[in-house]
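Below is the file my_file-v2.cif, which contains mmCIF, C-alpha atoms and all ligand atoms.
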```cif
data_my_file
#
loop_
_atom_site.label_atom_id
_atom_site.label_comp_id
_atom_site.auth_asym_id
_atom_site.auth_seq_id
_atom_site.Cartn_x
_atom_site.Cartn_y
_atom_site.Cartn_z
CA MET A 1 0.00 0.00 0.00
CA GLY A 2 1.51 3.33 -1.05
CA LYS A 3 -0.95 6.01 0.05
CA ILE A 4 -3.00 6.20 3.20
CA ALA A 5 -5.20 8.92 4.69
CA ILE A 6 -6.25 9.82 8.21
CA LEU A 7 -9.30 11.55 9.68
CA THR A 8 -10.70 12.29 13.12
CA SER A 9 -14.45 11.94 13.69
CA GLY A 10 -17.09 12.20 16.44
CA GLY A 11 -16.32 14.14 19.64
CA ASP A 12 -12.76 15.39 20.05
CA ALA A 13 -10.60 13.79 22.72
CA PRO A 14 -7.21 14.78 24.19
CA GLY A 15 -4.53 12.67 22.56
CA MET A 16 -6.03 12.66 19.06
CA ASN A 17 -3.18 14.91 17.92
CA ALA A 18 -0.59 12.56 19.38
CA ALA A 19 -2.26 9.73 17.43
CA ILE A 20 -2.23 11.76 14.18
CA ARG A 21 1.47 12.46 14.73
CA ALA A 22 2.20 8.77 15.24
CA VAL A 23 0.23 7.66 12.16
CA VAL A 24 1.96 10.24 9.97
CA ARG A 25 5.49 9.65 11.23
CA GLN A 26 5.27 5.85 11.39
CA GLY A 27 3.63 5.88 7.94
CA LEU A 28 6.41 8.02 6.48
CA TYR A 29 9.01 5.84 8.15
CA LEU A 30 7.50 2.80 6.39
CA GLY A 31 7.61 4.63 3.05
CA LEU A 32 3.91 5.50 2.78
CA GLU A 33 2.45 8.77 1.54
CA VAL A 34 0.08 10.10 4.20
CA TYR A 35 -2.84 12.49 3.64
CA GLY A 36 -4.92 14.33 6.24
CA ILE A 37 -8.66 14.71 5.66
CA GLU A 38 -10.22 17.62 7.52
CA ARG A 39 -13.59 17.47 9.34
CA GLY A 40 -14.00 13.70 9.44
CA PHE A 41 -16.43 12.01 7.06
CA ALA A 42 -17.97 15.41 6.37
CA GLY A 43 -14.68 16.53 4.78
CA LEU A 44 -14.44 13.29 2.87
CA VAL A 45 -17.89 13.68 1.28
CA ARG A 46 -18.09 17.46 1.03
CA GLY A 47 -14.79 17.69 -0.75
CA SER A 48 -12.25 19.40 1.58
CA ALA A 49 -8.83 19.09 -0.06
CA PHE A 50 -6.66 16.22 1.16
CA ARG A 51 -3.62 17.58 2.95
CA ARG A 52 -0.27 15.90 2.22
CA MET A 53 1.31 15.25 5.61
CA GLU A 54 5.06 15.49 6.14
CA MET A 55 7.18 15.08 9.27
CA GLY A 56 6.83 18.80 9.95
CA SER A 57 3.02 18.81 9.49
CA VAL A 58 2.68 17.17 12.89
CA ALA A 59 5.43 19.05 14.71
CA GLY A 60 4.53 20.67 18.03
CA ILE A 61 1.16 18.95 18.49
CA ILE A 62 1.84 16.05 20.86
CA HIS A 63 0.88 18.18 23.87
CA ARG A 64 -2.21 19.80 22.36
CA GLY A 65 -5.81 18.69 23.02
CA GLY A 66 -8.42 18.65 20.25
CA THR A 67 -7.48 17.66 16.72
CA ILE A 68 -5.55 19.64 14.12
CA LEU A 69 -7.64 17.88 11.44
CA HIS A 70 -10.87 19.15 13.03
CA THR A 71 -13.83 16.88 13.56
CA ALA A 72 -17.48 17.00 12.54
CA ARG A 73 -20.62 14.91 12.53
CA ALA A 74 -21.75 13.87 9.03
CA PRO A 75 -25.25 12.38 9.21
CA GLU A 76 -25.31 12.03 5.40
CA PHE A 77 -22.65 9.34 5.73
CA LEU A 78 -25.35 6.86 6.76
CA ASP A 79 -26.45 6.87 3.11
CA GLU A 80 -24.87 4.06 1.08
CA ALA A 81 -24.64 6.16 -2.08
CA VAL A 82 -22.65 8.78 -0.14
CA GLN A 83 -20.34 6.09 1.25
CA ARG A 84 -19.72 4.73 -2.28
CA GLN A 85 -18.94 8.26 -3.49
CA ALA A 86 -16.49 8.78 -0.62
CA ALA A 87 -14.70 5.50 -1.37
CA LEU A 88 -14.50 6.50 -5.03
CA ARG A 89 -12.98 9.83 -4.10
CA LEU A 90 -10.26 8.12 -2.07
CA LYS A 91 -9.52 5.63 -4.85
CA LYS A 92 -9.27 8.44 -7.41
CA GLU A 93 -6.44 9.86 -5.31
CA GLY A 94 -4.83 6.41 -5.18
CA ILE A 95 -5.62 6.12 -1.47
CA THR A 96 -6.62 2.60 -0.48
CA GLY A 97 -6.13 2.72 3.28
CA LEU A 98 -7.74 4.98 5.88
CA VAL A 99 -7.06 5.53 9.58
CA VAL A 100 -10.20 6.62 11.45
CA ILE A 101 -9.81 8.05 14.94
CA GLY A 102 -13.09 8.34 16.85
CA GLY A 103 -15.82 6.47 18.68
CA ASP A 104 -18.06 3.57 17.73
CA GLY A 105 -20.15 5.72 15.33
CA SER A 106 -16.99 6.60 13.42
CA PHE A 107 -16.08 2.91 13.30
CA ARG A 108 -19.41 2.19 11.61
CA GLY A 109 -18.47 4.77 9.00
CA ALA A 110 -15.13 2.96 8.52
CA MET A 111 -16.90 -0.38 8.20
CA ALA A 112 -19.11 1.12 5.50
CA LEU A 113 -16.02 2.12 3.49
CA GLU A 114 -14.66 -1.42 3.80
CA LYS A 115 -17.65 -2.58 1.72
CA PHE A 116 -16.37 -0.40 -1.12
CA GLY A 117 -12.79 -1.65 -1.03
CA ILE A 118 -11.11 0.81 1.35
CA LYS A 119 -9.00 -0.82 4.04
CA THR A 120 -9.52 0.82 7.42
CA ALA A 121 -7.60 0.82 10.69
CA CYS A 122 -9.54 2.44 13.53
CA ILE A 123 -8.19 4.04 16.68
CA PRO A 124 -10.51 4.41 19.69
CA GLY A 125 -10.49 8.11 20.58
CA THR A 126 -13.22 9.17 23.00
CA ILE A 127 -13.26 10.35 26.60
CA ASP A 128 -16.10 7.89 27.33
CA ASN A 129 -13.98 4.70 27.18
CA ASP A 130 -17.13 2.96 25.98
CA ILE A 131 -15.59 0.73 23.30
CA ALA A 132 -15.38 -3.03 23.74
CA GLY A 133 -12.11 -4.73 22.81
CA THR A 134 -9.88 -2.16 24.46
CA ASP A 135 -9.15 -1.46 28.12
CA SER A 136 -8.86 2.24 27.40
CA THR A 137 -9.56 4.81 24.71
CA ILE A 138 -7.46 7.86 23.87
CA GLY A 139 -8.62 10.80 25.98
CA PHE A 140 -10.14 8.84 28.84
CA ASP A 141 -7.22 9.21 31.24
CA THR A 142 -6.99 12.95 30.59
CA ALA A 143 -10.74 13.38 31.16
CA VAL A 144 -10.55 11.40 34.41
CA ASN A 145 -7.79 13.72 35.61
CA THR A 146 -9.76 16.79 34.55
CA VAL A 147 -12.77 15.62 36.58
CA LEU A 148 -10.48 14.77 39.48
CA ASP A 149 -8.95 18.23 39.41
CA ALA A 150 -12.46 19.77 39.49
CA MET A 151 -13.40 17.47 42.39
CA ASN A 152 -10.32 18.53 44.36
CA ARG A 153 -11.24 22.19 43.92
CA LEU A 154 -14.89 21.64 44.74
CA ARG A 155 -13.96 19.61 47.81
CA ASP A 156 -11.95 22.57 49.14
CA THR A 157 -15.08 24.72 48.96
CA ALA A 158 -17.40 21.93 50.14
CA THR A 159 -15.17 21.43 53.20
CA SER A 160 -14.85 25.14 53.95
CA HIS A 161 -18.58 25.86 53.66
CA GLU A 162 -19.67 22.47 55.01
CA ARG A 163 -21.83 21.82 51.97
CA PHE A 164 -23.01 19.00 49.74
CA PHE A 165 -21.93 19.29 46.11
CA VAL A 166 -23.53 17.44 43.22
CA VAL A 167 -21.22 17.27 40.18
CA GLU A 168 -22.41 16.21 36.73
CA VAL A 169 -19.87 14.56 34.44
CA MET A 170 -20.08 13.37 30.84
CA GLY A 171 -21.27 9.85 30.00
CA ARG A 172 -24.57 9.41 28.19
CA ASN A 173 -24.64 5.61 28.11
CA ASN A 174 -21.60 4.83 30.15
CA GLY A 175 -20.54 5.64 33.70
CA LEU A 176 -16.84 4.73 33.50
CA LEU A 177 -15.67 8.34 33.64
CA ALA A 178 -17.83 9.03 36.72
CA LEU A 179 -16.80 5.76 38.36
CA THR A 180 -13.06 6.14 37.75
CA ALA A 181 -12.91 9.78 38.82
CA GLY A 182 -15.26 9.03 41.72
CA LEU A 183 -13.07 6.21 43.00
CA ALA A 184 -9.91 8.29 42.61
CA GLY A 185 -11.49 11.35 44.22
CA GLY A 186 -13.36 9.61 47.04
CA ALA A 187 -16.85 10.68 45.95
CA GLU A 188 -19.42 9.89 48.62
CA ALA A 189 -21.90 8.68 45.98
CA ILE A 190 -21.61 7.88 42.27
CA LEU A 191 -24.62 7.65 39.96
CA VAL A 192 -24.04 5.79 36.68
CA PRO A 193 -26.43 4.73 33.91
CA GLU A 194 -25.47 1.05 34.32
CA ILE A 195 -26.77 0.77 37.89
CA PRO A 196 -30.26 2.01 38.86
CA TYR A 197 -29.96 4.43 41.76
CA ASP A 198 -32.11 4.64 44.83
CA LEU A 199 -32.12 8.17 46.21
CA GLU A 200 -33.40 6.97 49.57
CA SER A 201 -30.32 4.79 50.11
CA ILE A 202 -28.02 7.58 48.90
CA CYS A 203 -29.58 9.94 51.46
CA ARG A 204 -29.20 7.24 54.11
CA ARG A 205 -25.46 7.05 53.35
CA LEU A 206 -25.17 10.83 53.49
CA ARG A 207 -27.04 10.92 56.82
CA GLN A 208 -24.72 8.29 58.25
CA GLY A 209 -21.84 10.55 57.27
CA ILE A 210 -23.47 13.50 59.02
CA GLU A 211 -23.90 11.36 62.17
CA ARG A 212 -20.13 10.81 62.10
CA ASN A 213 -19.68 14.62 61.92
CA LYS A 214 -19.01 14.66 58.20
CA THR A 215 -20.11 18.09 57.09
CA HIS A 216 -19.51 17.90 53.36
CA SER A 217 -19.94 15.41 50.53
CA LEU A 218 -19.36 15.12 46.78
CA ILE A 219 -21.94 13.27 44.73
CA LEU A 220 -20.88 12.45 41.16
CA VAL A 221 -23.61 12.01 38.57
CA ALA A 222 -22.97 10.70 35.04
CA GLU A 223 -25.21 12.68 32.67
CA GLY A 224 -26.85 9.47 31.44
CA ALA A 225 -27.93 8.52 34.97
CA ALA A 226 -29.76 11.70 35.96
CA SER A 227 -29.58 15.48 35.90
CA ALA A 228 -27.38 16.85 38.67
CA PHE A 229 -29.93 19.64 39.21
CA THR A 230 -32.70 17.10 39.82
CA ILE A 231 -30.53 15.07 42.20
CA GLY A 232 -29.47 18.24 44.04
CA ARG A 233 -33.08 19.35 44.46
CA GLU A 234 -34.24 15.92 45.60
CA ILE A 235 -31.46 15.65 48.17
CA GLU A 236 -32.40 19.11 49.48
CA GLU A 237 -36.05 18.07 49.81
CA LYS A 238 -35.32 14.72 51.44
CA MET A 239 -32.58 15.89 53.79
CA GLY A 240 -33.50 19.50 54.44
CA LEU A 241 -30.07 20.87 53.60
CA GLU A 242 -28.62 23.07 50.88
CA THR A 243 -26.78 21.58 47.92
CA ARG A 244 -24.62 23.17 45.22
CA VAL A 245 -24.63 21.86 41.67
CA THR A 246 -21.78 21.98 39.14
CA VAL A 247 -22.07 20.70 35.58
CA LEU A 248 -18.54 20.22 34.24
CA GLY A 249 -19.64 20.06 30.57
CA HIS A 250 -17.16 20.53 27.74
CA ILE A 251 -14.29 21.33 30.11
CA GLN A 252 -13.90 17.54 30.18
CA ARG A 253 -13.20 17.24 26.46
CA GLY A 254 -10.26 19.58 26.08
CA GLY A 255 -6.85 20.07 27.63
CA SER A 256 -3.32 18.85 27.22
CA PRO A 257 -3.28 15.03 27.17
CA THR A 258 -1.72 13.17 30.09
CA ALA A 259 1.44 11.10 29.59
CA VAL A 260 -0.75 7.98 29.68
CA ASP A 261 -2.89 9.23 26.78
CA ARG A 262 0.10 10.47 24.76
CA ILE A 263 1.81 7.10 25.03
CA LEU A 264 -1.39 5.18 24.25
CA ALA A 265 -2.03 7.43 21.24
CA SER A 266 1.55 7.05 20.01
CA ARG A 267 1.41 3.26 20.27
CA MET A 268 -2.04 3.01 18.68
CA GLY A 269 -1.22 5.46 15.87
CA ALA A 270 1.98 3.64 14.94
CA ALA A 271 0.15 0.27 15.04
CA ALA A 272 -2.62 1.57 12.75
CA ALA A 273 -0.11 2.80 10.14
CA ARG A 274 1.68 -0.54 10.29
CA LEU A 275 -1.57 -2.53 9.81
CA LEU A 276 -2.38 -0.60 6.62
CA TRP A 277 1.20 -0.94 5.41
CA GLU A 278 0.79 -4.72 5.83
CA GLY A 279 -2.37 -4.49 3.70
CA ARG A 280 -4.69 -5.34 6.60
CA GLY A 281 -8.03 -3.61 7.26
CA GLY A 282 -11.39 -3.88 9.01
CA LEU A 283 -9.56 -3.62 12.31
CA MET A 284 -9.46 -1.51 15.43
CA VAL A 285 -6.27 -1.07 17.39
CA GLY A 286 -7.04 -2.29 20.91
CA PHE A 287 -5.13 -2.12 24.19
CA LYS A 288 -5.41 -5.05 26.59
CA GLY A 289 -3.24 -6.04 29.52
CA GLY A 290 -0.60 -3.50 28.55
CA GLU A 291 -0.33 -4.77 24.95
CA ILE A 292 -1.47 -3.27 21.65
CA TYR A 293 -3.21 -5.68 19.32
CA PRO A 294 -5.68 -5.66 16.40
CA VAL A 295 -9.37 -6.37 17.04
CA PRO A 296 -11.94 -7.11 14.31
CA LEU A 297 -14.00 -3.94 13.86
CA MET A 298 -17.31 -5.81 14.24
CA GLU A 299 -16.23 -6.91 17.72
CA ALA A 300 -15.51 -3.32 18.71
CA PHE A 301 -18.99 -2.01 18.07
CA ILE A 302 -21.23 -5.05 18.40
CA GLU A 303 -19.99 -6.14 21.81
CA LYS A 304 -20.87 -4.01 24.80
CA LYS A 305 -18.12 -3.03 27.19
CA SER A 306 -18.73 -4.63 30.56
CA PHE A 307 -19.09 -2.37 33.57
CA PRO A 308 -16.59 -3.09 36.39
CA SER A 309 -19.11 -3.62 39.20
CA GLU A 310 -16.36 -4.61 41.64
CA LEU A 311 -14.76 -1.15 41.26
CA TYR A 312 -18.16 0.44 41.86
CA GLU A 313 -18.60 -1.60 45.04
CA LEU A 314 -15.08 -0.69 46.15
CA ALA A 315 -15.76 3.03 45.60
CA LEU A 316 -18.88 2.80 47.77
CA THR A 317 -17.17 0.76 50.48
CA LEU A 318 -14.24 3.17 50.76
CA SER A 319 -16.30 6.36 50.79
CA ARG A 320 -18.74 5.31 53.50
P1 LIG B 401 -18.29 9.91 20.25
O1 LIG B 401 -18.06 8.67 21.07
O2 LIG B 401 -17.39 11.01 20.61
O3 LIG B 401 -19.74 10.29 20.13
P2 LIG B 401 -18.56 8.70 17.66
O4 LIG B 401 -17.55 8.32 16.62
O5 LIG B 401 -19.36 7.57 18.25
O6 LIG B 401 -17.79 9.52 18.75
P3 LIG B 401 -20.84 9.68 16.16
O7 LIG B 401 -21.42 11.05 16.09
O8 LIG B 401 -21.72 8.56 16.61
O9 LIG B 401 -19.53 9.82 17.05
O10 LIG B 401 -20.28 9.27 14.70
C1 LIG B 401 -19.40 10.12 14.00
C2 LIG B 401 -19.69 10.07 12.53
O11 LIG B 401 -19.53 8.71 12.05
C3 LIG B 401 -21.12 10.42 12.13
O12 LIG B 401 -21.31 11.81 12.05
C4 LIG B 401 -21.24 9.75 10.77
O13 LIG B 401 -20.60 10.53 9.79
C5 LIG B 401 -20.43 8.47 10.97
N1 LIG B 401 -21.35 7.36 11.32
C6 LIG B 401 -21.96 7.14 12.51
N2 LIG B 401 -22.74 6.04 12.46
C7 LIG B 401 -22.63 5.55 11.20
C8 LIG B 401 -23.23 4.42 10.49
N3 LIG B 401 -24.07 3.59 11.09
N4 LIG B 401 -22.88 4.25 9.20
C9 LIG B 401 -22.01 5.09 8.59
N5 LIG B 401 -21.45 6.15 9.18
C10 LIG B 401 -21.74 6.39 10.47
#
```
Mind converting the file's structure to structure tokens?
Ligand code: ATP
Amino acid sequence: MGKIAILTSGGDAPGMNAAIRAVVRQGLYLGLEVYGIERGFAGLVRGSAFRRMEMGSVAGIIHRGGTILHTARAPEFLDEAVQRQAALRLKKEGITGLVVIGGDGSFRGAMALEKFGIKTACIPGTIDNDIAGTDSTIGFDTAVNTVLDAMNRLRDTATSHERFFVVEVMGRNNGLLALTAGLAGGAEAILVPEIPYDLESICRRLRQGIERNKTHSLILVAEGAASAFTIGREIEEKMGLETRVTVLGHIQRGGSPTAVDRILASRMGAAAARLLWEGRGGLMVGFKGGEIYPVPLMEAFIEKKSFPSELYELALTLSR
């Protein structure tokens, strides 16, 4: 394979730039020509020019969040005629391999291109860490640390004012970000979409804390579990005390990637370039037990990532 392209798609995640850098530089090292496609599948179908990537094109980006290739949602890419057109466009340029960095939706887009003869190597880049076949996704560790930093700050105020804080974090269908940050930050309660919550038992836990002279608490709520404002109001009504609500929002998506994410992105990016160089496709680069290995794409989006219930139990036990 002589020419490959790369795009980023779906929500941005810290470490995507480090992955782009690795794909480009490993690809060049292997003798490939590498092209950058701007704005994900939208750029591919709406005709943004392909950008020839050289060593210098990815200089000075390893520490930057977001993606230099930009990202976009392209609902029209669900249409098979549009997918065929996109594959044709790549082939016209002599590009037969594509690296897609994004979440499971983006992987479906990659799978669609496979049908039309484009080999794809996907890299899981999302702060949600909601993709089966990989222990972690690029951006997750940075987002956990961002939430943790916010929790540390909020705990200072919660302690000083002796208040209960409800903090909403991202995670529409998946509570791993809330759970991991909650365990690391000692949250007194963690609400995740995977486990139905019972407000009465949460209030009971909080009351037990008060009986032990605990005058502040942090309750983490994944957005897919409930609205932090609703939980805050219900706790106020049930317990007769004031709460403060913070919704962290898009703060969680940006920022300089942690060393963990930079290294993961570098390893995954290099592996993706190598897979295409070997003429392999229909794969996601996964990370399991400290090793990088290829996973069939179907596995990545058909299987559901299991929720680590034992970590959830541990978080509750330790924050009693
Ligand atoms: P995130 O986890 O950050 O949401 P994602 O990759 O899952 O990332 P989506 O918005 O679901 O984000 O998908 C990104 C893009 O992938 C879509 O805008 C669309 O262009 C393409 N895509 C999604 N689903 C499909 C599908 N079933 N078939 C073809 N293309 C798809």
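Here the question is which of A:Leu90, A:Val24, A:Ile61, A:Pro124 gets nearest to A:Gly10 using all atoms listed in the file, and that residue is A:Pro124.
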Please identify all polymer residues within 10 Å of A:Thr126, counting all atoms listed in the file, omitting same-chain residues fewer than 6 positions from it, and present them as an MDAnalysis selection string. chainID A and resid 9:16 101:104 136:140 143 253
Save the residues we just selected, C-alpha atoms, as an mmCIF file, in the frame of the given file?
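The resulting file, out-v2.cif, is reproduced below:
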```cif
data_model
loop_
_atom_site.group_PDB
_atom_site.id
_atom_site.type_symbol
_atom_site.label_atom_id
_atom_site.label_comp_id
_atom_site.auth_asym_id
_atom_site.auth_seq_id
_atom_site.Cartn_x
_atom_site.Cartn_y
_atom_site.Cartn_z
ATOM 1 C CA SER A 9 -14.450 11.940 13.690
ATOM 2 C CA GLY A 10 -17.090 12.200 16.440
ATOM 3 C CA GLY A 11 -16.320 14.140 19.640
ATOM 4 C CA ASP A 12 -12.760 15.390 20.050
ATOM 5 C CA ALA A 13 -10.600 13.790 22.720
ATOM 6 C CA PRO A 14 -7.210 14.780 24.190
ATOM 7 C CA GLY A 15 -4.530 12.670 22.560
ATOM 8 C CA MET A 16 -6.030 12.660 19.060
ATOM 9 C CA ILE A 101 -9.810 8.050 14.940
ATOM 10 C CA GLY A 102 -13.090 8.340 16.850
ATOM 11 C CA GLY A 103 -15.820 6.470 18.680
ATOM 12 C CA ASP A 104 -18.060 3.570 17.730
ATOM 13 C CA SER A 136 -8.860 2.240 27.400
ATOM 14 C CA THR A 137 -9.560 4.810 24.710
ATOM 15 C CA ILE A 138 -7.460 7.860 23.870
ATOM 16 C CA GLY A 139 -8.620 10.800 25.980
ATOM 17 C CA PHE A 140 -10.140 8.840 28.840
ATOM 18 C CA ALA A 143 -10.740 13.380 31.160
ATOM 19 C CA ARG A 253 -13.200 17.240 26.460
#
```
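Residues within 12 Å of A:Ile202, counting all atoms listed in the file and excluding same-chain residues fewer than 6 positions away, are Ala187, Glu188, Ala189, Ile190, Leu191, Pro196, Gln208, Gly209, Ser217, Leu218, Ile219, Leu220, Ile231, Gly232, Glu234, Ile235, Lys238, Met239, Leu316, Ser319 and Arg320 of chain A.
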From the list A:Gln83, A:Ser227, A:Asn213, A:Ser57, the nearest residue to ligand LIG 401 (chain B) using all atoms listed in the file is A:Gln83
Test item: residues no farther than 9 Å from ligand LIG 401 (chain B), counting all atoms listed in the file, as a VMD selection string: chain A and resid 8 to 13 40 to 42 71 to 80 83 101 to 113 124 to 131
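Taking atom CA of A:Val45 and atom CA of A:Gly2 as endpoints, the distance between them is 22.1 Å.
When the distance limit is 12 Å and all atoms listed in the file are what count, the residues near A:Glu194, minus those fewer than 4 positions from it on the same chain, are Asp130, Gly171, Arg172, Asn173, Asn174, Gly175, Leu176, Ala178, Leu179, Ile190, Val221, Ala222, Glu223, Gly224, Ala225, Ala226, Lys304, Lys305, Ser306, Phe307, Pro308, Ser309 and Tyr312 of chain A.
Ranking A:Ile95, A:Ile6, A:Ile37, A:Ile251 by their shortest atom-to-atom distance to A:Val169, with all atoms listed in the file included, puts A:Ile251 first.
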Kindly list the centre and edge lengths in Å, rounded to one decimal, for the axis-aligned box that covers all listed atoms of stretch 298-307 of chain A plus 6 Å on each of its six sides, as AutoDock Vina command-line options.
```
--center_x -18.4 --center_y -4.5 --center_z 23.9 --size_x 17.7 --size_y 16.9 --size_z 31.3
```
If we count only C-alpha atoms, what is near A:Phe164 at a cut-off of 10 Å, once residues fewer than 2 positions away on the same chain are taken out, given as number ranges by chain? A: 154-155, 157-159, 161-162, 166-167, 188, 206, 215-219, 232, 235-236, 241-245
